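Here's the structure we're looking at; comments come further down.
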Amino acid sequence: MTWTSAFGSACGWLLNRIVHGLSILRISPNALTFIGVLINLYAAYLFGHANVTNAGRMFFYAGLVIIGAGLFDMVDGRVARRTNQVTVFGAFFDSVMDRYSDVVLFFGILVYYARINHFRYVVLTAFVMVTSLMVSYTRARAEALIGQCKVGFMERPERIVLIILGALFNHWGVMAPALWVLAVLSTMTVVHRITYTYQNTKHLSPIE
């Protein structure tokens, strides 16, 4: 067994233990989802209260907080399945709360760039915020028409990983290039989904 597989097994075991404990407590999966949003809200607070002198430290703390929020994002569905609490509304609620989590994180970063008078990155962060929502919206709207639209690379996990990396290593200025990568790849994903939907709806009759 390699060290990477051993690490993966250890993480899987720990995650299963957490899910098992939460299942015993009968905590609502929707409550876990909402807690994850609140934790991301605190990360946004840390982003927004950073300044030129402490940005490296505040962003690093924010990155750790986002990792903690990600734990709740990983366990809510597992707890729902373990406790037979899987519902259609739960899937809807999880998706909506994910959008709120995305927006609050980008809003916190936007506030930081506004506070240090870096207008270009205020605009860039706002653009990334919009495109992140459009990535999700184009998939949801397309799947209402054609059943499935999973094309494109920049899904939410990839966005969160880039934000975490940008936050943890912002002492070396990593957040700025991470935002550019997000802007480009998210836009490419939206365009890909638009063209994919176009190709798959050409033969359909117009909706009355």
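Every chain in the structure tokens has a letter given in the order shown (A, B, ...), and although residue numbers restart at 1 in each chain, ligands are simply numbered from 1 in the order shown.
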Practice item. Excluding A:Arg99 and residues on its chain fewer than 5 positions from it, collect all residues at most 12 Å away from it, counting only C-alpha atoms, and give them as a list of chain:residue names. Key: A:Thr33, A:Phe34, A:Gly36, A:Val37, A:Asn40, A:Phe92, A:Phe93, A:Asp94, A:Val104, A:Leu105, A:Phe106, A:Met129, A:Val130, A:Thr131, A:Ser132, A:Leu133, A:Met134, A:Val135, A:Ser136, A:Tyr137, A:Glu155, A:Arg156, A:Arg159, A:Ile160
Please produce an output containing N, CA and C atoms for each residue in the selection, written as a PDB file, in the first residue's frame.
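Done, and the output landed in again_27.pdb:
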```
ATOM      1  N   THR A  33     -26.293  21.137   6.290  1.00  0.00           N
ATOM      2  CA  THR A  33     -26.085  21.978   5.109  1.00  0.00           C
ATOM      3  C   THR A  33     -26.066  23.450   5.496  1.00  0.00           C
ATOM      4  N   PHE A  34     -27.002  23.851   6.332  1.00  0.00           N
ATOM      5  CA  PHE A  34     -27.097  25.255   6.745  1.00  0.00           C
ATOM      6  C   PHE A  34     -25.904  25.661   7.598  1.00  0.00           C
ATOM      7  N   GLY A  36     -22.936  24.551   7.274  1.00  0.00           N
ATOM      8  CA  GLY A  36     -21.855  24.768   6.317  1.00  0.00           C
ATOM      9  C   GLY A  36     -21.891  26.171   5.730  1.00  0.00           C
ATOM     10  N   VAL A  37     -23.094  26.673   5.449  1.00  0.00           N
ATOM     11  CA  VAL A  37     -23.234  28.047   4.935  1.00  0.00           C
ATOM     12  C   VAL A  37     -22.768  29.052   5.976  1.00  0.00           C
ATOM     13  N   ASN A  40     -19.043  29.176   6.058  1.00  0.00           N
ATOM     14  CA  ASN A  40     -18.526  29.928   4.912  1.00  0.00           C
ATOM     15  C   ASN A  40     -18.750  31.427   5.086  1.00  0.00           C
ATOM     16  N   PHE A  92     -32.786  19.943  -3.282  1.00  0.00           N
ATOM     17  CA  PHE A  92     -33.030  21.331  -3.678  1.00  0.00           C
ATOM     18  C   PHE A  92     -32.374  22.301  -2.696  1.00  0.00           C
ATOM     19  N   PHE A  93     -32.577  22.057  -1.402  1.00  0.00           N
ATOM     20  CA  PHE A  93     -32.042  22.929  -0.359  1.00  0.00           C
ATOM     21  C   PHE A  93     -30.517  22.947  -0.402  1.00  0.00           C
ATOM     22  N   ASP A  94     -29.910  21.794  -0.599  1.00  0.00           N
ATOM     23  CA  ASP A  94     -28.453  21.693  -0.676  1.00  0.00           C
ATOM     24  C   ASP A  94     -27.917  22.526  -1.836  1.00  0.00           C
ATOM     25  N   VAL A 104     -21.231  34.296  -0.910  1.00  0.00           N
ATOM     26  CA  VAL A 104     -20.686  34.983   0.261  1.00  0.00           C
ATOM     27  C   VAL A 104     -19.162  34.965   0.258  1.00  0.00           C
ATOM     28  N   LEU A 105     -18.561  33.874  -0.219  1.00  0.00           N
ATOM     29  CA  LEU A 105     -17.099  33.818  -0.277  1.00  0.00           C
ATOM     30  C   LEU A 105     -16.554  34.855  -1.250  1.00  0.00           C
ATOM     31  N   PHE A 106     -17.130  34.901  -2.437  1.00  0.00           N
ATOM     32  CA  PHE A 106     -16.665  35.886  -3.416  1.00  0.00           C
ATOM     33  C   PHE A 106     -16.956  37.312  -2.948  1.00  0.00           C
ATOM     34  N   MET A 129     -17.970  35.903  -9.498  1.00  0.00           N
ATOM     35  CA  MET A 129     -19.182  35.612  -8.746  1.00  0.00           C
ATOM     36  C   MET A 129     -20.351  35.317  -9.692  1.00  0.00           C
ATOM     37  N   VAL A 130     -20.487  36.157 -10.724  1.00  0.00           N
ATOM     38  CA  VAL A 130     -21.572  35.970 -11.693  1.00  0.00           C
ATOM     39  C   VAL A 130     -21.385  34.680 -12.487  1.00  0.00           C
ATOM     40  N   THR A 131     -20.167  34.444 -12.972  1.00  0.00           N
ATOM     41  CA  THR A 131     -19.952  33.248 -13.792  1.00  0.00           C
ATOM     42  C   THR A 131     -20.116  31.966 -12.975  1.00  0.00           C
ATOM     43  N   SER A 132     -19.775  32.018 -11.681  1.00  0.00           N
ATOM     44  CA  SER A 132     -19.956  30.819 -10.854  1.00  0.00           C
ATOM     45  C   SER A 132     -21.444  30.465 -10.751  1.00  0.00           C
ATOM     46  N   LEU A 133     -22.283  31.493 -10.642  1.00  0.00           N
ATOM     47  CA  LEU A 133     -23.727  31.252 -10.626  1.00  0.00           C
ATOM     48  C   LEU A 133     -24.217  30.767 -11.981  1.00  0.00           C
ATOM     49  N   MET A 134     -23.647  31.315 -13.057  1.00  0.00           N
ATOM     50  CA  MET A 134     -24.078  30.934 -14.399  1.00  0.00           C
ATOM     51  C   MET A 134     -23.681  29.493 -14.735  1.00  0.00           C
ATOM     52  N   VAL A 135     -22.568  29.031 -14.179  1.00  0.00           N
ATOM     53  CA  VAL A 135     -22.186  27.630 -14.375  1.00  0.00           C
ATOM     54  C   VAL A 135     -23.287  26.708 -13.854  1.00  0.00           C
ATOM     55  N   SER A 136     -23.785  27.025 -12.663  1.00  0.00           N
ATOM     56  CA  SER A 136     -24.845  26.218 -12.064  1.00  0.00           C
ATOM     57  C   SER A 136     -26.171  26.418 -12.784  1.00  0.00           C
ATOM     58  N   TYR A 137     -26.475  27.675 -13.135  1.00  0.00           N
ATOM     59  CA  TYR A 137     -27.764  27.963 -13.771  1.00  0.00           C
ATOM     60  C   TYR A 137     -27.862  27.308 -15.146  1.00  0.00           C
ATOM     61  N   GLU A 155     -16.759  22.888 -12.134  1.00  0.00           N
ATOM     62  CA  GLU A 155     -17.876  22.653 -11.229  1.00  0.00           C
ATOM     63  C   GLU A 155     -17.537  23.235  -9.852  1.00  0.00           C
ATOM     64  N   ARG A 156     -18.481  23.121  -8.924  1.00  0.00           N
ATOM     65  CA  ARG A 156     -18.275  23.730  -7.608  1.00  0.00           C
ATOM     66  C   ARG A 156     -17.048  23.178  -6.866  1.00  0.00           C
ATOM     67  N   ARG A 159     -14.046  24.945  -8.095  1.00  0.00           N
ATOM     68  CA  ARG A 159     -14.029  26.347  -7.660  1.00  0.00           C
ATOM     69  C   ARG A 159     -13.566  26.458  -6.211  1.00  0.00           C
ATOM     70  N   ILE A 160     -14.105  25.593  -5.355  1.00  0.00           N
ATOM     71  CA  ILE A 160     -13.750  25.648  -3.933  1.00  0.00           C
ATOM     72  C   ILE A 160     -12.274  25.340  -3.727  1.00  0.00           C
TER      73      ILE A 160
END
```
Enumerate, in order of chain and increasing residue number, the residues of stretch 51-144 of chain A with an atom no farther than 7 Å from stretch 164-181 of chain A, each with its shortest atom pair and distance in Å to one decimal, counting only C-alpha atoms, as a tab-separated table.
```
residue	atom	partner	partner_atom	distance
A:Gly56	CA	A:His171	CA	4.2
A:Phe59	CA	A:Ala167	CA	4.7
A:Phe60	CA	A:Leu168	CA	4.3
A:Ala62	CA	A:Ala167	CA	6.6
A:Gly63	CA	A:Ile164	CA	4.9
A:Ile66	CA	A:Ile164	CA	6.9
A:Thr125	CA	A:Leu179	CA	6.8
```
Exercise for review: Please provide as a list in words all residues within 12 Å of A:Arg81, with the sequence filter that same-chain residues fewer than 3 positions apart are discarded (counting only C-alpha atoms).
Suggested key: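 Contacts, with the query itself left out: Val19, His20, Leu22, Ser23, Arg26, Ser28, Pro29, Val75, Asp76, Gly77, Arg78, Asn84, Gln85, Val86, Thr87, Gly90 and Ala91 of chain A.
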Point to revise | Separation of atom CA of A:Ile109 from atom CA of A:Val151, in Å and rounded to one decimal | key: 27.8 Å
Point to revise | Atomic distance atom CA of A:Asn16 - atom CA of A:Val79, expressed in Å with one decimal | key: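 Computing it gives 9.6 Å between the two atoms.
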Review point. With only C-alpha atoms as the atoms that count, which of A:Ala50, A:Ile194, A:Leu145, A:Val65 lies nearest to A:Tyr112?
Key: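 Selected residue with least distance to A:Tyr112: A:Ala50.
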Exercise for review: Have a look at A:Ala43, A:Val161, A:Ala55, A:Val88 and name the one nearest to A:Val103; count only C-alpha atoms.
Suggested key: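 For A:Val103, the nearest of the given residues is A:Ala43.
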Practice item. Would you please work out which residue, of A:Pro157, A:Leu25, A:Thr187, A:Leu182, is nearest to A:Ile67 when using only C-alpha atoms? Key: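 Closest residue, counting only C-alpha atoms: A:Pro157.
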Practice item. List the neighbours of A:Asn200 out to 10 Å using only C-alpha atoms; skip same-chain residues closer than 3 positions along the sequence, and give me the result as number ranges by chain. Key: A: 142, 145-146, 149, 194-197, 203-204
Just-selected residues, N, CA and C atoms written as a compact mmCIF listing (two decimals), in the first residue's frame:
```txt
# COMPACT_ATOMS: atom_id res chain seq x y z
N ALA A 142 -30.49 23.71 -18.59
CA ALA A 142 -30.32 22.74 -19.68
C ALA A 142 -30.94 21.40 -19.32
N LEU A 145 -34.44 20.83 -19.90
CA LEU A 145 -34.82 20.68 -21.30
C LEU A 145 -34.35 19.36 -21.92
N ILE A 146 -33.11 18.96 -21.59
CA ILE A 146 -32.53 17.80 -22.28
C ILE A 146 -32.16 16.66 -21.34
N CYS A 149 -26.73 17.61 -18.45
CA CYS A 149 -25.76 18.56 -19.01
C CYS A 149 -24.60 18.68 -18.04
N ILE A 194 -23.75 26.09 -23.09
CA ILE A 194 -24.67 26.73 -24.03
C ILE A 194 -24.61 26.03 -25.38
N THR A 195 -23.40 25.77 -25.88
CA THR A 195 -23.27 25.12 -27.19
C THR A 195 -23.76 23.67 -27.14
N TYR A 196 -23.50 22.99 -26.02
CA TYR A 196 -23.97 21.61 -25.88
C TYR A 196 -25.50 21.57 -25.89
N THR A 197 -26.11 22.50 -25.18
CA THR A 197 -27.57 22.54 -25.14
C THR A 197 -28.14 22.90 -26.51
N HIS A 203 -33.32 19.65 -32.52
CA HIS A 203 -34.37 18.77 -33.06
C HIS A 203 -35.66 18.84 -32.27
N LEU A 204 -35.67 19.61 -31.17
CA LEU A 204 -36.86 19.65 -30.32
C LEU A 204 -37.83 20.72 -30.81
```
Practice item. Could you tell me, as a PyMOL selection string, which residues of stretch 49-202 of chain A DSSP assigns to alpha helix (DSSP H) when given the backbone? Key: chain A and resi 55-82+88-115+119-146+156-168+175-201
